[in-house]
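What follows is a short report on a single structure.
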Amino acid sequence: MTAVLLMLVWTAGALPASAAPVKPGLAGPSASRLAQPPEGPTLTRIRETGVVVIGYRPASAPFSYLDAQLRPTGYSVELCERVIASLRVRLKLPDLEVRRVAVGSATRMPMVSNGTLDMECGITTNTAERARSQAFSVTIFVAETKLMTRHGEKVQSLLDLRGRPVVSTIGTTSIQHLAKVNEQQGLNIRIVAGLDDPDAFQLLRSGRADAFMMDDVIIRSLLAQQGAAVSTDDYVISDRALTVEPYAIGLNRDDPMFKTMVDDVLTGLYRSGEIHTIYRRWFESPLPPTGINLKLPMNAAFRRVVAQPTDSPDPERYR
């Protein structure tokens, strides 16, 4: 028995390093995989398929629109492209394919919720109600809803439009707010729905509506796109904001790991100050291919977000 024990001790001491006992999960064939944090369903699918799918708006400059080559471009699209660049490095997929899908006000959120899109890169407001079906990145822009009227008629609130036709865009928080206030206050406003923002604006121009309720940045962009066809005296935008709209990138509600990765990229742009260069490119410089310059400096609400990033849907957080 003594001889057998001595032989076992000698044999254990003579084992080569590669055969030495290891702690479970720290070595062996799957060690590198186990050492990495789990990726979640979105990153796993992107790694396996080599494809990431983003949604874009075809006519929502400067956030998301088509350039002269009919390729999606804009502020929101560029932010999503920064996330995609990070994905290529993280997943070691330099040839990662980007599939771009056109979305509208009515289709964007269902396509995020059902998994068709990995990111929705447009002009979607983060709200508590919408967060029940999808997630949102940290806020990427803060807009305010205002009223635009024709021919110098200035209105400041929906009370001024009692009994009159008011247009907004289908599937937006603006038309939801319009319907809610109209019912609560018994204003008897006739709500007209545009299929998209340009269509809603045309309904105002044609006289089928007396006012257009929409986010201020979208209204100003639509006016700028009219060029010489529209005089500064033709339309008036209200001074008073009806609602506050925190825009964000739409994401899968059931994948917090992917949201963390997206947020890390965005907050990295905020911390480095690069977001200011990106912002100036789309809001304070000539836009390709039209050359229109919105001349819209970053507002105080978004500056606060850059300093202290948040994904809060609460409008009061931005006032």
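By order of appearance in the structure tokens: chains A, B, ..., then residues from 1 within every chain, and ligands from 1 in the order shown.
Residues in contact range of Leu287 in chain A, defined as at most 10 Å between only C-alpha atoms, with sequence neighbours fewer than 5 positions away removed, read Ala61, Pro62, Asp67, Gly74, Arg281, Trp282, Ile292, Asn293 and Leu294 of chain A.
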Fewer than 2 positions away in the same chain doesn't count, so skip those; otherwise give me all residues within 12 Å of Val305 in chain A, counting only C-alpha atoms, as a compact mmCIF listing (two decimals) with N, CA and C atoms, in the first residue's frame.
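Ended up saving to result06.txt:
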```
# COMPACT_ATOMS: atom_id res chain seq x y z
N VAL A 138 -30.43 55.66 -25.45
CA VAL A 138 -30.39 56.97 -24.81
C VAL A 138 -30.89 58.00 -25.83
N THR A 139 -31.39 59.09 -25.34
CA THR A 139 -31.96 60.13 -26.19
C THR A 139 -30.92 60.69 -27.15
N ILE A 140 -31.31 60.85 -28.43
CA ILE A 140 -30.38 61.37 -29.44
C ILE A 140 -30.77 62.76 -29.94
N PHE A 141 -31.95 63.25 -29.53
CA PHE A 141 -32.40 64.59 -29.93
C PHE A 141 -33.62 64.93 -29.09
N VAL A 142 -33.82 66.21 -28.83
CA VAL A 142 -35.01 66.65 -28.10
C VAL A 142 -35.73 67.71 -28.93
N PRO A 246 -38.52 63.47 -26.79
CA PRO A 246 -37.17 62.91 -26.80
C PRO A 246 -37.04 61.79 -27.83
N TYR A 247 -36.27 62.03 -28.90
CA TYR A 247 -36.06 61.02 -29.95
C TYR A 247 -35.01 60.00 -29.49
N ALA A 248 -35.18 58.77 -29.97
CA ALA A 248 -34.21 57.72 -29.65
C ALA A 248 -34.22 56.66 -30.75
N LEU A 266 -23.21 55.48 -28.19
CA LEU A 266 -23.75 56.84 -28.20
C LEU A 266 -23.16 57.69 -27.08
N THR A 267 -23.11 57.15 -25.87
CA THR A 267 -22.55 57.94 -24.77
C THR A 267 -21.06 58.18 -24.97
N LEU A 269 -19.77 58.90 -27.88
CA LEU A 269 -19.77 60.09 -28.74
C LEU A 269 -20.06 61.35 -27.92
N TYR A 270 -20.93 61.23 -26.92
CA TYR A 270 -21.25 62.37 -26.07
C TYR A 270 -20.04 62.77 -25.22
N ARG A 271 -19.42 61.79 -24.60
CA ARG A 271 -18.28 62.08 -23.71
C ARG A 271 -17.10 62.68 -24.47
N ILE A 275 -20.17 64.24 -30.76
CA ILE A 275 -21.56 64.46 -31.11
C ILE A 275 -21.79 65.88 -31.62
N MET A 298 -27.87 73.42 -31.40
CA MET A 298 -28.30 72.45 -30.40
C MET A 298 -29.02 73.17 -29.26
N ASN A 299 -30.22 72.69 -28.93
CA ASN A 299 -30.98 73.36 -27.88
C ASN A 299 -30.48 72.95 -26.49
N ALA A 300 -30.94 73.70 -25.50
CA ALA A 300 -30.46 73.49 -24.12
C ALA A 300 -30.83 72.11 -23.60
N ALA A 301 -32.02 71.62 -23.99
CA ALA A 301 -32.46 70.31 -23.50
C ALA A 301 -31.52 69.20 -23.97
N PHE A 302 -31.12 69.24 -25.23
CA PHE A 302 -30.23 68.18 -25.72
C PHE A 302 -28.81 68.36 -25.19
N ARG A 303 -28.40 69.59 -24.96
CA ARG A 303 -27.09 69.81 -24.35
C ARG A 303 -27.02 69.16 -22.96
N ALA A 307 -24.49 66.09 -21.67
CA ALA A 307 -23.73 66.17 -20.43
C ALA A 307 -24.09 65.04 -19.47
N GLN A 308 -25.37 64.67 -19.44
CA GLN A 308 -25.85 63.60 -18.56
C GLN A 308 -26.82 62.72 -19.35
N PRO A 309 -26.31 61.74 -20.10
CA PRO A 309 -27.16 60.91 -20.97
C PRO A 309 -28.29 60.23 -20.19
N THR A 310 -29.44 60.15 -20.84
CA THR A 310 -30.61 59.53 -20.23
C THR A 310 -31.44 58.88 -21.32
N ASP A 311 -32.16 57.83 -20.95
CA ASP A 311 -33.13 57.22 -21.86
C ASP A 311 -34.54 57.40 -21.31
N SER A 312 -34.75 58.40 -20.49
CA SER A 312 -36.05 58.63 -19.85
C SER A 312 -37.10 59.04 -20.89
N ARG A 317 -38.29 65.45 -17.69
CA ARG A 317 -36.84 65.27 -17.54
C ARG A 317 -36.05 66.20 -18.46
N TYR A 318 -36.72 66.73 -19.49
CA TYR A 318 -36.04 67.53 -20.51
C TYR A 318 -36.40 69.01 -20.45
N ARG A 319 -37.22 69.38 -19.50
CA ARG A 319 -37.66 70.79 -19.45
C ARG A 319 -36.64 71.62 -18.66
```
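All residues within range 174-293 of chain A that the backbone DSSP calculation assigns to strand (DSSP E or B) are Arg190, Ile191, Val192, Ala193, Gly194, Ala211, Phe212, Met213, Met214, Asp215, Tyr235, Val236, Ile237, Thr243, Val244, Glu245, Pro246, Tyr247, Ala248, Ile249, Gly250, Leu251, Leu287 and Ile292 of chain A.
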Within 7 Å of Ser64 in chain A, counting only C-alpha atoms, which residues show up once you throw out same-chain ones fewer than 2 positions away? Write them as a PyMOL selection string, please.
chain A and resi 56-62+72-77+122
Expected file contents, prior selection, C-alpha atoms, as an mmCIF file, in the first residue's frame:
```cif
data_model
loop_
_atom_site.group_PDB
_atom_site.id
_atom_site.type_symbol
_atom_site.label_atom_id
_atom_site.label_comp_id
_atom_site.auth_asym_id
_atom_site.auth_seq_id
_atom_site.Cartn_x
_atom_site.Cartn_y
_atom_site.Cartn_z
ATOM 1 C CA TYR A 56 -34.851 54.331 -42.126
ATOM 2 C CA ARG A 57 -37.310 57.057 -43.130
ATOM 3 C CA PRO A 58 -37.137 57.999 -46.847
ATOM 4 C CA ALA A 59 -38.154 61.665 -46.408
ATOM 5 C CA SER A 60 -37.419 62.891 -42.886
ATOM 6 C CA ALA A 61 -34.436 65.189 -43.378
ATOM 7 C CA PRO A 62 -32.152 65.868 -41.634
ATOM 8 C CA PRO A 72 -30.297 56.371 -46.626
ATOM 9 C CA THR A 73 -28.455 59.209 -44.931
ATOM 10 C CA GLY A 74 -28.979 61.737 -42.144
ATOM 11 C CA TYR A 75 -28.287 62.369 -38.480
ATOM 12 C CA SER A 76 -30.054 59.303 -37.072
ATOM 13 C CA VAL A 77 -28.640 57.105 -39.823
ATOM 14 C CA GLY A 122 -35.509 57.656 -37.816
#
```
In Å, how far is it from CA of Pro256 in chain A to CA of Leu43 in chain A?
11.0 Å
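Within 6 Å of range 44-53 of chain A there are Leu96, Glu97, Val98, Arg99, Arg100, Leu117 and Asp118 of chain A, counting only C-alpha atoms and ignoring same-chain residues fewer than 4 positions away.
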Can you spit out the residues from that selection as a PDB file, in the first residue's frame, using all heavy atoms?
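Listing of part.pdb after writing:
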```pdb
ATOM      1  N   LEU A  96     -19.507  42.774 -42.406  1.00  0.00           N
ATOM      2  CA  LEU A  96     -20.889  42.716 -41.928  1.00  0.00           C
ATOM      3  C   LEU A  96     -21.818  43.424 -42.915  1.00  0.00           C
ATOM      4  O   LEU A  96     -21.616  44.583 -43.265  1.00  0.00           O
ATOM      5  CB  LEU A  96     -20.990  43.386 -40.556  1.00  0.00           C
ATOM      6  CG  LEU A  96     -22.383  43.470 -39.928  1.00  0.00           C
ATOM      7  CD1 LEU A  96     -22.936  42.085 -39.639  1.00  0.00           C
ATOM      8  CD2 LEU A  96     -22.335  44.308 -38.654  1.00  0.00           C
ATOM      9  N   GLU A  97     -22.835  42.716 -43.362  1.00  0.00           N
ATOM     10  CA  GLU A  97     -23.786  43.277 -44.316  1.00  0.00           C
ATOM     11  C   GLU A  97     -24.819  44.123 -43.589  1.00  0.00           C
ATOM     12  O   GLU A  97     -25.333  43.729 -42.542  1.00  0.00           O
ATOM     13  CB  GLU A  97     -24.491  42.149 -45.082  1.00  0.00           C
ATOM     14  CG  GLU A  97     -25.542  42.637 -46.059  1.00  0.00           C
ATOM     15  CD  GLU A  97     -26.339  41.513 -46.697  1.00  0.00           C
ATOM     16  OE1 GLU A  97     -25.900  40.337 -46.590  1.00  0.00           O
ATOM     17  OE2 GLU A  97     -27.401  41.795 -47.283  1.00  0.00           O
ATOM     18  N   VAL A  98     -25.139  45.280 -44.151  1.00  0.00           N
ATOM     19  CA  VAL A  98     -26.162  46.154 -43.580  1.00  0.00           C
ATOM     20  C   VAL A  98     -27.368  46.132 -44.507  1.00  0.00           C
ATOM     21  O   VAL A  98     -27.282  46.545 -45.663  1.00  0.00           O
ATOM     22  CB  VAL A  98     -25.652  47.596 -43.411  1.00  0.00           C
ATOM     23  CG1 VAL A  98     -26.737  48.461 -42.761  1.00  0.00           C
ATOM     24  CG2 VAL A  98     -24.374  47.620 -42.582  1.00  0.00           C
ATOM     25  N   ARG A  99     -28.474  45.630 -44.002  1.00  0.00           N
ATOM     26  CA  ARG A  99     -29.708  45.598 -44.774  1.00  0.00           C
ATOM     27  C   ARG A  99     -30.568  46.772 -44.334  1.00  0.00           C
ATOM     28  O   ARG A  99     -30.894  46.906 -43.153  1.00  0.00           O
ATOM     29  CB  ARG A  99     -30.434  44.276 -44.552  1.00  0.00           C
ATOM     30  CG  ARG A  99     -31.604  44.019 -45.499  1.00  0.00           C
ATOM     31  CD  ARG A  99     -32.074  42.577 -45.365  1.00  0.00           C
ATOM     32  NE  ARG A  99     -31.016  41.656 -45.749  1.00  0.00           N
ATOM     33  CZ  ARG A  99     -30.967  40.384 -45.375  1.00  0.00           C
ATOM     34  NH1 ARG A  99     -31.902  39.899 -44.574  1.00  0.00           N
ATOM     35  NH2 ARG A  99     -29.982  39.605 -45.782  1.00  0.00           N
ATOM     36  N   ARG A 100     -30.942  47.640 -45.274  1.00  0.00           N
ATOM     37  CA  ARG A 100     -31.690  48.859 -44.971  1.00  0.00           C
ATOM     38  C   ARG A 100     -33.128  48.711 -45.447  1.00  0.00           C
ATOM     39  O   ARG A 100     -33.360  48.414 -46.619  1.00  0.00           O
ATOM     40  CB  ARG A 100     -31.014  50.065 -45.617  1.00  0.00           C
ATOM     41  CG  ARG A 100     -29.579  50.284 -45.119  1.00  0.00           C
ATOM     42  CD  ARG A 100     -28.816  51.287 -45.973  1.00  0.00           C
ATOM     43  NE  ARG A 100     -27.500  51.563 -45.433  1.00  0.00           N
ATOM     44  CZ  ARG A 100     -26.415  50.834 -45.708  1.00  0.00           C
ATOM     45  NH1 ARG A 100     -26.513  49.784 -46.519  1.00  0.00           N
ATOM     46  NH2 ARG A 100     -25.247  51.149 -45.182  1.00  0.00           N
ATOM     47  N   LEU A 117     -36.496  44.526 -37.518  1.00  0.00           N
ATOM     48  CA  LEU A 117     -35.411  45.503 -37.472  1.00  0.00           C
ATOM     49  C   LEU A 117     -34.567  45.310 -36.216  1.00  0.00           C
ATOM     50  O   LEU A 117     -35.102  45.058 -35.137  1.00  0.00           O
ATOM     51  CB  LEU A 117     -35.964  46.932 -37.469  1.00  0.00           C
ATOM     52  CG  LEU A 117     -36.884  47.344 -38.616  1.00  0.00           C
ATOM     53  CD1 LEU A 117     -37.393  48.763 -38.391  1.00  0.00           C
ATOM     54  CD2 LEU A 117     -36.171  47.233 -39.953  1.00  0.00           C
ATOM     55  N   ASP A 118     -33.269  45.455 -36.363  1.00  0.00           N
ATOM     56  CA  ASP A 118     -32.378  45.475 -35.202  1.00  0.00           C
ATOM     57  C   ASP A 118     -32.315  46.883 -34.606  1.00  0.00           C
ATOM     58  O   ASP A 118     -32.197  47.040 -33.389  1.00  0.00           O
ATOM     59  CB  ASP A 118     -30.973  45.021 -35.602  1.00  0.00           C
ATOM     60  CG  ASP A 118     -30.951  43.576 -36.063  1.00  0.00           C
ATOM     61  OD1 ASP A 118     -31.587  42.738 -35.405  1.00  0.00           O
ATOM     62  OD2 ASP A 118     -30.319  43.286 -37.100  1.00  0.00           O
TER      63      ASP A 118
END
```
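Near Leu161 in chain A, within a cut-off of 12 Å and counting only C-alpha atoms, sit the residues Leu147, Met148, Thr149, Glu153, Lys154, Val155, Gln156, Val166, Val167, Leu178, Val181, Asn182, Gln185, Gly186, Leu187, Asn188, Ile189, Arg190, Ile191, Ala209, Asp210, Ala211, Phe212 and Met213 of chain A, with same-chain residues fewer than 5 positions away left out.
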Enumerate as a PyMOL selection string all residues of range 109-314 of chain A assigned to helix (DSSP H, G or I) by DSSP on the backbone, naming them with the chain letters and numbers the document uses.
chain A and resi 109-113+130-132+158-161+173-185+197-205+216-225+227-229+256-272+274-283+300-307
